[in-house]
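The file model.pdb contains PDB, C-alpha atoms and all ligand atoms:
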```pdb
ATOM      1  CA  MET A   1      17.158   3.415  -1.005
ATOM      2  CA  ARG A   2      13.751   5.097  -1.215
ATOM      3  CA  VAL A   3      10.778   2.857  -0.533
ATOM      4  CA  VAL A   4       7.039   3.451  -0.577
ATOM      5  CA  ILE A   5       4.979   1.030   1.504
ATOM      6  CA  SER A   6       1.248   0.643   0.997
ATOM      7  CA  LEU A   7      -0.119  -0.736   4.245
ATOM      8  CA  GLY A   8      -3.651  -2.081   3.834
ATOM      9  CA  GLY A   9      -6.093  -1.153   6.571
ATOM     10  CA  SER A  10      -6.930  -4.850   6.782
ATOM     11  CA  VAL A  11      -3.351  -5.615   7.853
ATOM     12  CA  LEU A  12      -2.715  -2.537  10.018
ATOM     13  CA  ALA A  13      -5.995  -2.595  11.893
ATOM     14  CA  PRO A  14      -8.219  -5.607  11.184
ATOM     15  CA  GLU A  15      -9.324  -4.858  14.732
ATOM     16  CA  LEU A  16      -8.056  -2.040  16.942
ATOM     17  CA  ASP A  17      -5.027  -3.794  18.459
ATOM     18  CA  PRO A  18      -2.341  -1.371  19.698
ATOM     19  CA  GLU A  19       0.305  -4.116  19.681
ATOM     20  CA  ARG A  20      -0.310  -4.880  16.028
ATOM     21  CA  VAL A  21       0.012  -1.200  15.105
ATOM     22  CA  ALA A  22       3.208  -0.970  17.190
ATOM     23  CA  GLY A  23       4.556  -4.051  15.360
ATOM     24  CA  HIS A  24       4.089  -2.383  11.967
ATOM     25  CA  ALA A  25       5.628   0.837  13.310
ATOM     26  CA  SER A  26       8.678  -1.086  14.622
ATOM     27  CA  VAL A  27       9.338  -2.529  11.182
ATOM     28  CA  ILE A  28       9.094   0.923   9.589
ATOM     29  CA  GLU A  29      11.490   2.277  12.228
ATOM     30  CA  ARG A  30      13.962  -0.541  11.577
ATOM     31  CA  LEU A  31      13.885   0.180   7.848
ATOM     32  CA  ALA A  32      14.574   3.856   8.596
ATOM     33  CA  ASP A  33      17.438   2.851  10.941
ATOM     34  CA  GLU A  34      18.935   0.889   8.042
ATOM     35  CA  GLY A  35      18.916   4.094   6.009
ATOM     36  CA  CYS A  36      15.742   3.661   3.931
ATOM     37  CA  GLU A  37      13.837   6.829   3.038
ATOM     38  CA  LEU A  38      10.200   5.974   3.560
ATOM     39  CA  GLY A  39       6.777   7.002   2.420
ATOM     40  CA  THR A  40       3.882   5.017   3.860
ATOM     41  CA  VAL A  41       0.311   5.016   2.574
ATOM     42  CA  VAL A  42      -2.344   3.572   4.871
ATOM     43  CA  GLY A  43      -5.659   2.051   3.794
ATOM     44  CA  GLY A  44      -9.074   2.100   5.430
ATOM     45  CA  GLY A  45      -9.685  -1.632   5.954
ATOM     46  CA  GLY A  46     -12.904  -3.081   7.372
ATOM     47  CA  VAL A  47     -13.827   0.108   9.235
ATOM     48  CA  ALA A  48     -13.911   2.059   5.947
ATOM     49  CA  ARG A  49     -16.026  -0.695   4.378
ATOM     50  CA  ASP A  50     -18.479  -0.674   7.316
ATOM     51  CA  TYR A  51     -18.942   3.098   7.020
ATOM     52  CA  ILE A  52     -19.226   2.872   3.224
ATOM     53  CA  SER A  53     -21.873   0.137   3.293
ATOM     54  CA  ALA A  54     -23.933   1.975   5.946
ATOM     55  CA  ALA A  55     -23.770   5.226   3.952
ATOM     56  CA  ARG A  56     -24.602   3.382   0.691
ATOM     57  CA  GLU A  57     -27.783   2.002   2.304
ATOM     58  CA  ILE A  58     -28.761   5.527   3.345
ATOM     59  CA  GLY A  59     -28.394   6.640  -0.282
ATOM     60  CA  ALA A  60     -24.945   8.295  -0.485
ATOM     61  CA  ASN A  61     -23.470   8.411  -3.978
ATOM     62  CA  GLU A  62     -20.089   6.848  -4.879
ATOM     63  CA  VAL A  63     -18.144  10.101  -4.482
ATOM     64  CA  GLN A  64     -19.626  10.660  -1.037
ATOM     65  CA  LEU A  65     -18.734   7.062  -0.168
ATOM     66  CA  ASP A  66     -15.187   7.597  -1.375
ATOM     67  CA  GLN A  67     -14.934  10.723   0.779
ATOM     68  CA  ILE A  68     -15.980   8.699   3.813
ATOM     69  CA  GLY A  69     -13.378   6.076   2.912
ATOM     70  CA  ILE A  70     -10.676   8.751   2.601
ATOM     71  CA  ASP A  71     -11.506  10.098   6.069
ATOM     72  CA  VAL A  72     -11.068   6.615   7.550
ATOM     73  CA  THR A  73      -7.721   6.116   5.795
ATOM     74  CA  ARG A  74      -6.538   9.378   7.360
ATOM     75  CA  ILE A  75      -7.591   8.222  10.826
ATOM     76  CA  ASN A  76      -5.575   5.028  10.259
ATOM     77  CA  ALA A  77      -2.645   7.181   9.095
ATOM     78  CA  ARG A  78      -2.832   9.100  12.372
ATOM     79  CA  LEU A  79      -2.882   5.809  14.274
ATOM     80  CA  LEU A  80       0.359   4.702  12.615
ATOM     81  CA  ILE A  81       1.903   8.157  13.143
ATOM     82  CA  ALA A  82       1.085   7.894  16.855
ATOM     83  CA  ALA A  83       3.150   4.700  17.016
ATOM     84  CA  LEU A  84       6.118   6.103  15.095
ATOM     85  CA  GLY A  85       7.573   8.575  17.607
ATOM     86  CA  GLN A  86       9.946  11.344  16.568
ATOM     87  CA  ILE A  87      11.075  10.259  13.127
ATOM     88  CA  VAL A  88       7.756  10.833  11.392
ATOM     89  CA  ASP A  89       6.059  13.915   9.971
ATOM     90  CA  PRO A  90       3.341  14.360  12.640
ATOM     91  CA  THR A  91       0.625  15.316  10.155
ATOM     92  CA  PRO A  92      -0.683  12.905   7.497
ATOM     93  CA  ALA A  93       0.365  14.321   4.118
ATOM     94  CA  ARG A  94      -2.629  15.647   2.145
ATOM     95  CA  ASP A  95      -0.874  15.474  -1.207
ATOM     96  CA  TYR A  96       2.290  14.239  -2.916
ATOM     97  CA  ASP A  97       4.168  17.530  -2.434
ATOM     98  CA  GLU A  98       3.698  17.368   1.322
ATOM     99  CA  ALA A  99       4.773  13.724   1.410
ATOM    100  CA  GLY A 100       7.766  14.356  -0.859
ATOM    101  CA  ASN A 101       8.892  17.361   1.180
ATOM    102  CA  ALA A 102       8.729  15.351   4.415
ATOM    103  CA  ILE A 103      10.776  12.541   2.869
ATOM    104  CA  ARG A 104      13.363  15.021   1.559
ATOM    105  CA  ARG A 105      13.659  16.494   5.076
ATOM    106  CA  GLY A 106      14.509  13.002   6.331
ATOM    107  CA  ASP A 107      11.150  12.295   7.994
ATOM    108  CA  ILE A 108       8.990   9.274   7.374
ATOM    109  CA  SER A 109       5.834  10.443   5.624
ATOM    110  CA  VAL A 110       2.495   8.785   6.323
ATOM    111  CA  MET A 111      -0.629   9.536   4.317
ATOM    112  CA  GLY A 112      -4.050   8.122   3.525
ATOM    113  CA  GLY A 113      -6.312   8.796   0.554
ATOM    114  CA  VAL A 114      -6.291  11.980  -1.509
ATOM    115  CA  MET A 115      -9.266  12.041  -3.925
ATOM    116  CA  PRO A 116     -12.407  10.075  -4.846
ATOM    117  CA  GLY A 117     -12.432   7.462  -7.590
ATOM    118  CA  GLN A 118      -9.410   5.441  -6.508
ATOM    119  CA  THR A 119      -7.989   3.671  -3.463
ATOM    120  CA  THR A 120      -4.830   4.114  -1.423
ATOM    121  CA  ASP A 121      -3.214   1.564  -3.788
ATOM    122  CA  ALA A 122      -3.171   4.291  -6.443
ATOM    123  CA  VAL A 123      -1.945   6.876  -3.925
ATOM    124  CA  ALA A 124       1.026   4.617  -3.146
ATOM    125  CA  ALA A 125       1.829   4.097  -6.841
ATOM    126  CA  ALA A 126       1.637   7.848  -7.536
ATOM    127  CA  LEU A 127       3.766   8.692  -4.506
ATOM    128  CA  ALA A 128       6.358   6.103  -5.557
ATOM    129  CA  GLU A 129       6.534   7.654  -9.012
ATOM    130  CA  TYR A 130       6.579  11.213  -7.613
ATOM    131  CA  VAL A 131       9.485  10.593  -5.207
ATOM    132  CA  ASP A 132      11.277   8.369  -7.723
ATOM    133  CA  ALA A 133      11.235   5.400  -5.342
ATOM    134  CA  ASP A 134      13.458   2.368  -5.854
ATOM    135  CA  LEU A 135      10.772  -0.007  -4.628
ATOM    136  CA  LEU A 136       7.022  -0.049  -3.993
ATOM    137  CA  VAL A 137       5.663  -2.664  -1.584
ATOM    138  CA  TYR A 138       1.986  -3.516  -1.156
ATOM    139  CA  ALA A 139       1.393  -5.162   2.220
ATOM    140  CA  THR A 140      -2.093  -6.516   1.749
ATOM    141  CA  GLY A 141      -4.508  -9.276   2.750
ATOM    142  CA  ALA A 142      -3.288 -11.903   0.257
ATOM    143  CA  ASP A 143       0.215 -13.136  -0.498
ATOM    144  CA  GLY A 144       0.409 -11.566  -3.936
ATOM    145  CA  ILE A 145      -1.775 -11.539  -7.026
ATOM    146  CA  PHE A 146      -3.761 -14.686  -7.809
ATOM    147  CA  ASP A 147      -5.958 -15.778 -10.710
ATOM    148  CA  ALA A 148      -8.934 -15.557  -8.307
ATOM    149  CA  ASP A 149      -9.473 -14.245  -4.779
ATOM    150  CA  PRO A 150      -7.437 -16.712  -2.637
ATOM    151  CA  ASN A 151      -9.590 -15.911   0.381
ATOM    152  CA  GLU A 152     -12.655 -17.115  -1.559
ATOM    153  CA  VAL A 153     -11.361 -19.729  -4.009
ATOM    154  CA  ASP A 154      -9.423 -22.672  -2.512
ATOM    155  CA  ASP A 155      -7.424 -23.562  -5.609
ATOM    156  CA  ALA A 156      -6.611 -19.992  -6.691
ATOM    157  CA  GLU A 157      -3.129 -19.899  -8.213
ATOM    158  CA  GLN A 158      -0.555 -17.267  -7.407
ATOM    159  CA  TYR A 159       1.396 -15.346 -10.037
ATOM    160  CA  GLY A 160       5.011 -15.409  -8.825
ATOM    161  CA  GLU A 161       5.967 -12.686 -11.276
ATOM    162  CA  LEU A 162       4.003 -10.396 -13.610
ATOM    163  CA  SER A 163       4.983  -7.683 -16.033
ATOM    164  CA  PRO A 164       3.187  -4.355 -15.429
ATOM    165  CA  ALA A 165       1.084  -4.963 -18.575
ATOM    166  CA  GLU A 166       0.052  -8.401 -17.268
ATOM    167  CA  LEU A 167      -0.813  -6.827 -13.917
ATOM    168  CA  VAL A 168      -3.157  -4.371 -15.674
ATOM    169  CA  GLU A 169      -4.806  -7.268 -17.523
ATOM    170  CA  VAL A 170      -5.362  -9.292 -14.323
ATOM    171  CA  ILE A 171      -6.679  -6.325 -12.324
ATOM    172  CA  ALA A 172      -8.899  -4.751 -15.038
ATOM    173  CA  PRO A 173     -12.007  -6.927 -14.447
ATOM    174  CA  MET A 174     -12.071  -6.214 -10.679
ATOM    175  CA  SER A 175     -14.685  -3.880  -9.122
ATOM    176  CA  ARG A 176     -14.048  -0.126  -8.868
ATOM    177  CA  ASP A 177     -16.903   0.662  -6.461
ATOM    178  CA  ALA A 178     -16.126   2.436  -3.188
ATOM    179  CA  GLY A 179     -14.889  -0.099  -0.643
ATOM    180  CA  ALA A 180     -14.076  -2.792  -3.256
ATOM    181  CA  SER A 181     -11.394  -5.399  -2.386
ATOM    182  CA  ALA A 182      -8.454  -5.949  -4.710
ATOM    183  CA  PRO A 183      -4.761  -6.442  -3.945
ATOM    184  CA  VAL A 184      -3.949  -3.445  -6.200
ATOM    185  CA  ASP A 185      -6.491  -1.185  -7.912
ATOM    186  CA  ILE A 186      -6.565  -0.525 -11.673
ATOM    187  CA  LEU A 187      -5.200   3.020 -11.463
ATOM    188  CA  ALA A 188      -2.289   1.743  -9.359
ATOM    189  CA  ALA A 189      -1.604  -0.947 -11.968
ATOM    190  CA  LYS A 190      -1.640   1.667 -14.761
ATOM    191  CA  LEU A 191       0.690   3.969 -12.810
ATOM    192  CA  ILE A 192       3.073   1.085 -12.158
ATOM    193  CA  GLU A 193       3.005   0.318 -15.887
ATOM    194  CA  ARG A 194       3.676   3.966 -16.764
ATOM    195  CA  SER A 195       6.519   4.453 -14.303
ATOM    196  CA  GLY A 196       8.087   1.004 -14.638
ATOM    197  CA  MET A 197       8.208   0.903 -10.829
ATOM    198  CA  ARG A 198       9.610  -2.273  -9.321
ATOM    199  CA  THR A 199       6.797  -3.526  -7.105
ATOM    200  CA  ILE A 200       6.130  -6.360  -4.676
ATOM    201  CA  VAL A 201       2.676  -7.470  -3.513
ATOM    202  CA  LEU A 202       2.787  -9.580  -0.355
ATOM    203  CA  ASP A 203       0.824 -10.693   2.683
ATOM    204  CA  GLY A 204       1.357  -7.959   5.256
ATOM    205  CA  HIS A 205      -0.377  -9.533   8.249
ATOM    206  CA  ASP A 206       3.031 -10.326   9.729
ATOM    207  CA  PRO A 207       4.801  -6.931   9.752
ATOM    208  CA  THR A 208       8.237  -8.551   9.322
ATOM    209  CA  ALA A 209       7.253  -9.658   5.794
ATOM    210  CA  VAL A 210       7.898  -6.100   4.590
ATOM    211  CA  GLU A 211      11.257  -5.976   6.369
ATOM    212  CA  ASP A 212      12.367  -9.294   4.831
ATOM    213  CA  ALA A 213      11.339  -8.124   1.363
ATOM    214  CA  VAL A 214      13.001  -4.705   1.544
ATOM    215  CA  LEU A 215      16.178  -5.545   3.451
ATOM    216  CA  ARG A 216      16.830  -9.097   2.282
ATOM    217  CA  GLY A 217      14.857  -9.486  -0.914
ATOM    218  CA  GLU A 218      12.975 -12.411   0.635
ATOM    219  CA  HIS A 219       9.242 -12.767   0.119
ATOM    220  CA  THR A 220       6.675 -15.271  -1.094
ATOM    221  CA  GLY A 221       4.358 -12.798  -2.846
ATOM    222  CA  THR A 222       4.233 -11.495  -6.424
ATOM    223  CA  ASP A 223       7.032  -9.508  -8.084
ATOM    224  CA  ILE A 224       5.955  -6.947 -10.667
ATOM    225  CA  VAL A 225       8.994  -6.705 -12.894
ATOM    226  CA  PRO A 226       9.166  -3.978 -15.560
ATOM    227  CA  ALA A 227      10.642  -4.828 -18.963
ATOM    228  CA  GLY A 228      14.429  -4.792 -18.755
ATOM    229  CA  GLY A 229      14.108  -4.635 -14.967
ATOM    230  CA  GLY A 230      16.710  -7.352 -14.466
ATOM    231  CA  GLU A 231      17.178  -8.848 -11.047
ATOM    232  CA  PRO A 232      15.605  -6.902  -8.181
ATOM    233  CA  THR A 233      18.089  -4.708  -6.315
ATOM    234  CA  TYR A 234      17.453  -4.902  -2.618
ATOM    235  CA  TRP A 235      19.004  -2.960   0.174
ATOM    236  CA  ALA A 236      21.302  -5.797   1.190
ATOM    237  CA  GLN A 237      22.797  -5.884  -2.318
ATOM    238  CA  ARG A 238      23.503  -2.156  -2.635
TER     239      ARG A 238
HETATM  240  N1  LIG B   1      -7.024 -11.974  -7.759
HETATM  241  C1  LIG B   1      -6.780 -11.674  -6.492
HETATM  242  N2  LIG B   1      -5.530 -11.868  -5.978
HETATM  243  C2  LIG B   1      -5.256 -11.544  -4.689
HETATM  244  N3  LIG B   1      -6.179 -11.031  -3.828
HETATM  245  C3  LIG B   1      -7.437 -10.817  -4.284
HETATM  246  C4  LIG B   1      -7.786 -11.125  -5.625
HETATM  247  N4  LIG B   1      -9.093 -10.796  -5.809
HETATM  248  C5  LIG B   1      -9.539 -10.315  -4.650
HETATM  249  N5  LIG B   1      -8.555 -10.320  -3.712
HETATM  250  C6  LIG B   1      -8.749  -9.877  -2.320
HETATM  251  O1  LIG B   1      -8.203  -8.582  -2.171
HETATM  252  C7  LIG B   1      -7.844  -8.465  -0.796
HETATM  253  C8  LIG B   1      -6.896  -7.331  -0.615
HETATM  254  O2  LIG B   1      -7.540  -6.137  -0.837
HETATM  255  P1  LIG B   1      -8.245  -5.276   0.326
HETATM  256  O3  LIG B   1      -8.626  -3.996  -0.326
HETATM  257  O4  LIG B   1      -9.283  -6.050   1.000
HETATM  258  O5  LIG B   1      -7.160  -5.142   1.457
HETATM  259  P2  LIG B   1      -5.938  -4.200   1.669
HETATM  260  O6  LIG B   1      -5.061  -4.171   0.464
HETATM  261  O7  LIG B   1      -5.343  -4.703   2.915
HETATM  262  O8  LIG B   1      -6.490  -2.757   1.837
HETATM  263  P3  LIG B   1      -7.704  -2.171   2.666
HETATM  264  O9  LIG B   1      -8.175  -3.233   3.605
HETATM  265  O10 LIG B   1      -7.172  -0.983   3.319
HETATM  266  O11 LIG B   1      -8.733  -1.838   1.611
HETATM  267  C9  LIG B   1      -7.234  -9.803  -0.463
HETATM  268  O12 LIG B   1      -7.263 -10.058   0.921
HETATM  269  C10 LIG B   1      -8.084 -10.769  -1.277
HETATM  270  O13 LIG B   1      -9.090 -11.347  -0.477
HETATM  271  O1  LIG B   2      -7.353   8.296  -2.638
HETATM  272  C1  LIG B   2      -8.322   7.607  -2.208
HETATM  273  C2  LIG B   2      -8.194   6.612  -1.232
HETATM  274  C3  LIG B   2      -9.306   5.943  -0.784
HETATM  275  N1  LIG B   2     -10.541   6.222  -1.294
HETATM  276  C4  LIG B   2     -11.763   5.540  -0.784
HETATM  277  O2  LIG B   2     -11.514   4.987   0.508
HETATM  278  C5  LIG B   2     -11.731   3.556   0.474
HETATM  279  C6  LIG B   2     -10.765   2.883   1.405
HETATM  280  O3  LIG B   2      -9.443   2.947   0.864
HETATM  281  P1  LIG B   2      -8.605   1.590   0.624
HETATM  282  O4  LIG B   2      -7.348   2.008  -0.011
HETATM  283  O5  LIG B   2      -9.435   0.695  -0.243
HETATM  284  O6  LIG B   2      -8.427   1.001   1.973
HETATM  285  C7  LIG B   2     -11.628   3.174  -0.995
HETATM  286  O7  LIG B   2     -12.351   1.983  -1.300
HETATM  287  C8  LIG B   2     -12.251   4.379  -1.662
HETATM  288  O8  LIG B   2     -13.652   4.292  -1.562
HETATM  289  C9  LIG B   2     -10.659   7.178  -2.281
HETATM  290  O9  LIG B   2     -11.757   7.455  -2.782
HETATM  291  N2  LIG B   2      -9.543   7.850  -2.713
END
```
As structure tokens, the full file:
Amino acid sequence: MRVVISLGGSVLAPELDPERVAGHASVIERLADEGCELGTVVGGGGVARDYISAAREIGANEVQLDQIGIDVTRINARLLIAALGQIVDPTPARDYDEAGNAIRRGDISVMGGVMPGQTTDAVAAALAEYVDADLLVYATGADGIFDADPNEVDDAEQYGELSPAELVEVIAPMSRDAGASAPVDILAAKLIERSGMRTIVLDGHDPTAVEDAVLRGEHTGTDIVPAGGGEPTYWAQR
């Protein structure tokens, strides 16, 4: 089973805690031990946003801000690589070919951002399509997709399941500025719609949430189910 995991910077490194990073790395290692082929895409989190807002005040344009964000995602990718030992490609992939080649060699690939105008959510969706993944998992700061930001609106309601087209509709009104917060960005939603990729969006603060979802099909987030997708096939059922 080939899986792409998008690990938000806000769940990998909300603060620089080596134990938290090691916890995420342990889960990735366990998935690899179970035979999963893995691509991991790491976000920039609060550090990227701090840099972006400082540079915006100084007068940087949106592309420059995106470039700063990309650099931070790559630093976070290196942090995760440092925790992953021997089974990982030691260099963050700079593009989908590099990531795909590492995965085909049997390494775990870790990458950050690739180009301005998007977020690592879109990188993960493109990588999943490129390597023909069985499953794409977004480990983010909210337990799925809601009708409003659940960290801001007390009675926000979760979507348990969405079609890719519904996902695009829900995500479309959200901001596209550098550093914006959304569980999945609009380009990612469009790529998921195009590829029909089976996708889960879940709260990744506890690293074992990803393991439960991939290995046991257990999660409390949102399932993005393509038309005719049927029941999700998880590792335990293969
Ligand atoms: N409709 C919504 N449904 C779910 N979460 C939402 C929604 N609108 C806004 N959000 C916010 O989006 C956040 C997730 O995106 P955010 O980009 O902050 O984190 P991330 O995915 O961990 O990646 P990174 O921190 O690397 O950018 C959630 O924590 C939540 O507060
Ligand atoms: O391919 C990419 C990836 C990221 N960016 C910029 O970096 C920040 C932080 O990334 P997150 O995935 O949101 O953590 C993002 O807001 C973009 O400004 C990018 O331009 N291209």
> Got a sec to check which residues lie within 6 Å of ligand LIG 1 (chain B), using only C-alpha atoms and all ligand atoms, and send them as a PyMOL selection string?
Replying inline: chain A and resi 8-11+43-45+140-142+144-151+181-183
Using all atoms listed in the file, what table do you get, as a tab-separated table, when you list each residue of chain A with an atom no more than 7 Å from ligand LIG 2 (chain B), its nearest pair of atoms, and their distance in Å rounded to one decimal, rows by chain then rising number?
```
residue	atom	partner	partner_atom	distance
A:Gly8	CA	B:LIG2	O6	6.0
A:Gly9	CA	B:LIG2	O6	5.6
A:Gly43	CA	B:LIG2	O6	3.5
A:Gly44	CA	B:LIG2	O6	3.7
A:Gly45	CA	B:LIG2	O6	4.9
A:Ala48	CA	B:LIG2	C6	5.6
A:Leu65	CA	B:LIG2	O8	6.0
A:Asp66	CA	B:LIG2	O8	3.6
A:Gln67	CA	B:LIG2	O9	5.8
A:Ile68	CA	B:LIG2	O2	6.7
A:Gly69	CA	B:LIG2	O2	3.2
A:Ile70	CA	B:LIG2	O2	4.4
A:Thr73	CA	B:LIG2	O3	6.1
A:Gly112	CA	B:LIG2	C2	6.5
A:Gly113	CA	B:LIG2	C2	3.4
A:Val114	CA	B:LIG2	O1	4.0
A:Met115	CA	B:LIG2	N2	4.4
A:Pro116	CA	B:LIG2	O9	3.4
A:Gly117	CA	B:LIG2	O9	4.9
A:Gln118	CA	B:LIG2	N2	4.5
A:Thr119	CA	B:LIG2	C2	3.7
A:Thr120	CA	B:LIG2	O4	3.6
A:Asp121	CA	B:LIG2	O4	5.6
A:Ala122	CA	B:LIG2	O1	6.9
A:Val123	CA	B:LIG2	O1	5.7
A:Asp177	CA	B:LIG2	O8	6.9
A:Ala178	CA	B:LIG2	O8	3.5
A:Gly179	CA	B:LIG2	O7	3.3
A:Ala180	CA	B:LIG2	O7	5.4
A:Ser181	CA	B:LIG2	O5	6.8
```
>> Expand the PyMOL selection byres (((chain A and resi 124) around 8) and not hetatm) into the explicit residue set it covers here, and present it as a ChimeraX atom specification.
In response: /A:4-6,40-41,120-123,125-128,136,188
Please write out, as lines of an AutoDock Vina configuration file, where the centre of an axis-aligned box around all listed atoms of stretch 46-51 of chain A lies and how long its edges are, in Å to one decimal, after adding 8 Å on each side.
```
center_x = -15.9
center_y = 0.0
center_z = 6.8
size_x = 22.0
size_y = 22.2
size_z = 20.9
```
>> Taking (-3.5, -2.1, -12.6) as a centre in this file's frame and 7 Å as the limit, can you find every polymer residue with an atom that close, using only C-alpha atoms, and give them as a PyMOL selection string?
In response: chain A and resi 167-168+171-172+184-190
> What is the atom CA of A:Ser26-atom CA of A:Tyr138 distance in Å, reported with one decimal?
Replying inline: 17.3 Å
>> I'd like to know which of A:Glu29, A:Arg49, A:His205, A:Arg78 is closest to A:Ile108, using all atoms listed in the file.
In response: A:Glu29
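Atom CA of A:Val42 is found 24.8 Å from atom CA of A:Ser163.
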>> Nearest residue to A:Gly39 out of A:Glu161, A:Asp223, A:Glu193, A:Asp107, using all atoms listed in the file?
In response: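 With all atoms listed in the file as the atom set, the closest residue is A:Asp107.
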> Do you have the atom CA of A:Arg94-atom CA of A:Met111 distance handy?
Replying inline: 6.8 Å
>> Assuming the chain letters and numbering stay as they are in my file, what does the PyMOL selection byres (((chain A and resi 208) around 12) and not hetatm) actually select? List them as an NGL selection string.
In response: :A and (20 or 23-31 or 139 or 202-207 or 209-216 or 218-219)
> A:Leu191, A:Ile200, A:Val72, A:Val137: which is nearest A:Tyr159, counting all atoms listed in the file?
Replying inline: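 Checking each of A:Leu191, A:Ile200, A:Val72, A:Val137 against A:Tyr159, counting all atoms listed in the file, the winner is A:Ile200.
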> Contacts of A:Val131 at 10 Å or less, counting only C-alpha atoms, minus same-chain residues fewer than 4 places along, as a list in words?
Replying inline: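 Near A:Val131, the qualifying residues are Arg2, Val3, Val4, Leu38, Gly39, Tyr96, Asp97, Ala99, Gly100, Asn101, Ile103, Arg104, Ala126 and Leu127 of chain A.
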> Between A:Ile52, A:Ala22, A:Val225, A:Leu79, which is the closest to A:Pro164 once you count only C-alpha atoms?
Replying inline: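 The answer is A:Val225, which sits nearest to A:Pro164.
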